[in-house]
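> Before anything else, here's the structure in question.
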Amino acid sequence: MLAKRTPVHQTIYLLSLAATVAALWMIFFYAPIEINMGAVQKIFYFHVGFAWVGMLSFLVAAIASIGYLISYTEIWDDLAEASIEIGLVFTVIAVISGSIWAKPIWNTWWTWDPRLTTTSIMGLIYFGYLFLRKALENQETKKRFSALYCIAGFVTVPMTFFSIRNARSIHPVVIGDGAGGMNMTSEMGLTMAAAILALTFLYIALMMDRVRLAGLNHLYAHERENLEQAYE
Amino acid sequence: MSDIPNTLNYMIAGFSVMVLAVLGYIAWLWRRISNRIKQINEIQSESRERKENTNGLFE
């Protein structure tokens with residue numbers, strides 16, 4: 001069962017592909033060019049999508065960690081680990097694409113602005129989660145400590161989200177109408193929604209594959225243990 | 001129109017990074033899955049062989 005993708009899984013990959021193509025079409029042919037930034041503003045649709053889905057994946061990981069501490073069921077631990085790995089990939093992409101956008105707009109690749117600083121802290125905290133898992137050998141201790149770490153680390157997510165709203169930041173407020181907003185047209189708003197939807201489908205498809213990998217890892221460990229016992 | 005800054009190169013760089021990073025991660029994930037399936041198949045066939053040999057000894 002683990003060796004092949006289910007039809008539902010394949011459908012989600014296809015939906016993600018179709019939604020990405022639709023979002024790209026909207027970015028290049030539907031949304032207008034932003035007058036102050038030019039073509040580089042088009043990065044923002046997927047940049048925001050990656051950042052949002054990255055934060056969503058950390059939320060999923062925190063919920064899964066709570067689920068693990070309540071039930072001590074392996075699947076919750078697998079879900080948390082998978083979600084953090086994918087969330088980190090999405091966050092790193094958001095940071096790099098944001099940096100490329102910043103060069104022509106802020107005239108610098110990087111600045112210690114509240115949003116960029118909190119995002120860096122959030123990323124480092126979640127990299128720490130993966131290192132922690134590698135460092136602990138006892139399986140039960142690893143899962144319990146990782147769940148606690150993940151729940152505690154989640155504090156960096158709202159901190160990052162609200163950093164542009166509550167602190168003095170030069171980063172634009174893309175969602176909502178806070179000060180320093182991008183004043184998006186309705187076409188831009190729809191395009192952003194399409195990009196976020198496409199990346200949400202991609203996240204779900206990747207999660208299914210990553211959890212499948214975790215299942216395969218458990219099966220491998222189990223088979224190996226059986227074989228070692230047989231040789232004893 | 002001429003007032004709009006020319007930032008096309010940055011846009012191309014940004015999209016290229018995003019596409020490459022996503023495809024790179026998907027390739028890495030799929031590779032890990034296929035490697036694990038291969039390892040499981042190998043270990044299962046080794047187990048089967050051992051079982052058959054052990055049964056043969058007691059027949």
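FYI, nothing fancy with the structure tokens labels: chains A, B, ... in order, residues from 1 per chain, ligands from 1 as they appear.
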Which residues of chain A come within 9 Å of chain B, and what is each one's closest atom pair and distance in Å (one decimal), counting only C-alpha atoms, sorted by chain and residue number, as a tab-separated table?


residue	atom	partner	partner_atom	distance
A:Leu2	CA	B:Ile37	CA	8.6
A:Ala3	CA	B:Ile37	CA	6.5
A:Ile33	CA	B:Ile4	CA	8.6
A:Glu34	CA	B:Ile4	CA	8.0
A:Ile35	CA	B:Ile4	CA	5.4
A:Asn36	CA	B:Ile4	CA	6.1
A:Met37	CA	B:Pro5	CA	6.2
A:Gly38	CA	B:Pro5	CA	5.3
A:Ala39	CA	B:Leu8	CA	5.3
A:Val40	CA	B:Met11	CA	4.3
A:Gln41	CA	B:Met11	CA	7.5
A:Lys42	CA	B:Met11	CA	6.9
A:Ile43	CA	B:Met11	CA	6.1
A:Phe46	CA	B:Met18	CA	8.3
A:His47	CA	B:Met18	CA	8.5
A:Ile86	CA	B:Tyr25	CA	8.8
A:Val89	CA	B:Tyr25	CA	7.7
A:Phe90	CA	B:Val22	CA	8.4
A:Ile93	CA	B:Met18	CA	6.1
A:Ala94	CA	B:Met18	CA	8.3
A:Ile96	CA	B:Val17	CA	7.8
A:Ser97	CA	B:Gly14	CA	5.2
A:Gly98	CA	B:Gly14	CA	8.2
A:Ser99	CA	B:Gly14	CA	8.8
A:Ile100	CA	B:Gly14	CA	6.0
A:Trp101	CA	B:Tyr10	CA	6.8
A:Lys103	CA	B:Tyr10	CA	8.2
A:Pro104	CA	B:Thr7	CA	6.9
A:Leu206	CA	B:Ile26	CA	7.7
A:Asp209	CA	B:Leu29	CA	7.7
A:Arg210	CA	B:Leu29	CA	7.1
A:Arg212	CA	B:Ile33	CA	7.9
A:Leu213	CA	B:Ile33	CA	5.5
A:Leu216	CA	B:Arg36	CA	6.6
A:Asn217	CA	B:Arg36	CA	7.1
A:Leu219	CA	B:Ile40	CA	7.6
A:Tyr220	CA	B:Ile40	CA	5.5
A:Glu223	CA	B:Ile43	CA	6.9
A:Arg224	CA	B:Ile43	CA	6.9
A:Asn226	CA	B:Ser47	CA	8.2
A:Leu227	CA	B:Ser47	CA	6.0
A:Ala230	CA	B:Arg50	CA	8.2
A:Tyr231	CA	B:Arg50	CA	8.8

> Find the residues around Val21 in chain A up to 12 Å (only C-alpha atoms counted), leave out those fewer than 3 positions away in its own chain, and share them as JSON, numbers by chain.

{"A": [14, 15, 16, 17, 18, 24, 25, 26, 27, 28, 29, 191, 194, 195, 197, 198, 199]}

> Restrict the selected residues to N, CA and C atoms and save them as a compact mmCIF listing (two decimals), in the first residue's frame.


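So out_29.txt came out as:
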# COMPACT_ATOMS: atom_id res chain seq x y z
N LEU A 14 -2.26 16.52 -9.35
CA LEU A 14 -2.77 17.11 -10.60
C LEU A 14 -3.46 18.44 -10.34
N LEU A 15 -4.25 18.50 -9.26
CA LEU A 15 -4.92 19.76 -8.91
C LEU A 15 -3.90 20.85 -8.63
N SER A 16 -2.82 20.47 -7.94
CA SER A 16 -1.78 21.43 -7.63
C SER A 16 -1.12 21.96 -8.91
N LEU A 17 -0.88 21.03 -9.85
CA LEU A 17 -0.28 21.43 -11.12
C LEU A 17 -1.21 22.36 -11.90
N ALA A 18 -2.50 21.98 -11.97
CA ALA A 18 -3.48 22.78 -12.71
C ALA A 18 -3.62 24.16 -12.07
N LEU A 24 -0.12 31.04 -12.64
CA LEU A 24 0.93 31.66 -13.47
C LEU A 24 0.31 32.46 -14.62
N TRP A 25 -0.75 31.88 -15.21
CA TRP A 25 -1.45 32.60 -16.29
C TRP A 25 -1.98 33.93 -15.74
N MET A 26 -2.61 33.88 -14.56
CA MET A 26 -3.18 35.10 -13.96
C MET A 26 -2.08 36.11 -13.63
N ILE A 27 -0.93 35.62 -13.16
CA ILE A 27 0.18 36.52 -12.80
C ILE A 27 0.66 37.29 -14.04
N PHE A 28 0.82 36.55 -15.16
CA PHE A 28 1.43 37.19 -16.33
C PHE A 28 0.43 37.84 -17.30
N PHE A 29 -0.82 37.37 -17.31
CA PHE A 29 -1.76 37.90 -18.31
C PHE A 29 -3.00 38.57 -17.73
N THR A 191 -5.47 36.97 -8.07
CA THR A 191 -4.25 36.26 -8.47
C THR A 191 -3.52 35.72 -7.25
N ALA A 194 -5.27 32.70 -6.02
CA ALA A 194 -4.99 31.53 -6.87
C ALA A 194 -3.62 30.94 -6.53
N ALA A 195 -2.63 31.81 -6.29
CA ALA A 195 -1.28 31.32 -5.96
C ALA A 195 -1.29 30.60 -4.61
N LEU A 197 -3.85 29.12 -3.22
CA LEU A 197 -4.59 27.86 -3.40
C LEU A 197 -3.69 26.79 -4.03
N ALA A 198 -2.93 27.20 -5.06
CA ALA A 198 -2.03 26.26 -5.75
C ALA A 198 -1.00 25.70 -4.78
N LEU A 199 -0.44 26.58 -3.95
CA LEU A 199 0.59 26.12 -3.00
C LEU A 199 0.00 25.30 -1.86

> Given only C-alpha atoms as the basis, pick out the residue of A:Ser65, A:Gln10, A:Asn166, A:Ser57 nearest to Ala152 in chain A.

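The shortest atom-to-atom distance to Ala152 in chain A comes from A:Ser65.
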
> Within 8 Å of Thr156 in chain A, counting only C-alpha atoms, which residues qualify if same-chain residues fewer than 5 places away don't, as a PyMOL selection string?

chain A and resi 118+121-122

> How many Å separate CA of Gly67 in chain A from CA of Val48 in chain A?

28.5 Å

> What gap, in Å, lies between CA of Val211 in chain A and CA of Ile75 in chain A?

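Atom-to-atom, CA of Val211 in chain A to CA of Ile75 in chain A, that is 8.2 Å.
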
> Mind pulling up the distance from CA of Tyr149 in chain A to CA of Ala64 in chain A?

12.3 Å

> Can you pull out every residue within 8 Å of His171 in chain A, counting only C-alpha atoms, but drop anything in the same chain fewer than 2 positions away, and send it as a list in words?

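Within the cut-off, the hits are Asp113, Arg115, Ile164, Ser169, Val173 and Gly180 of chain A.
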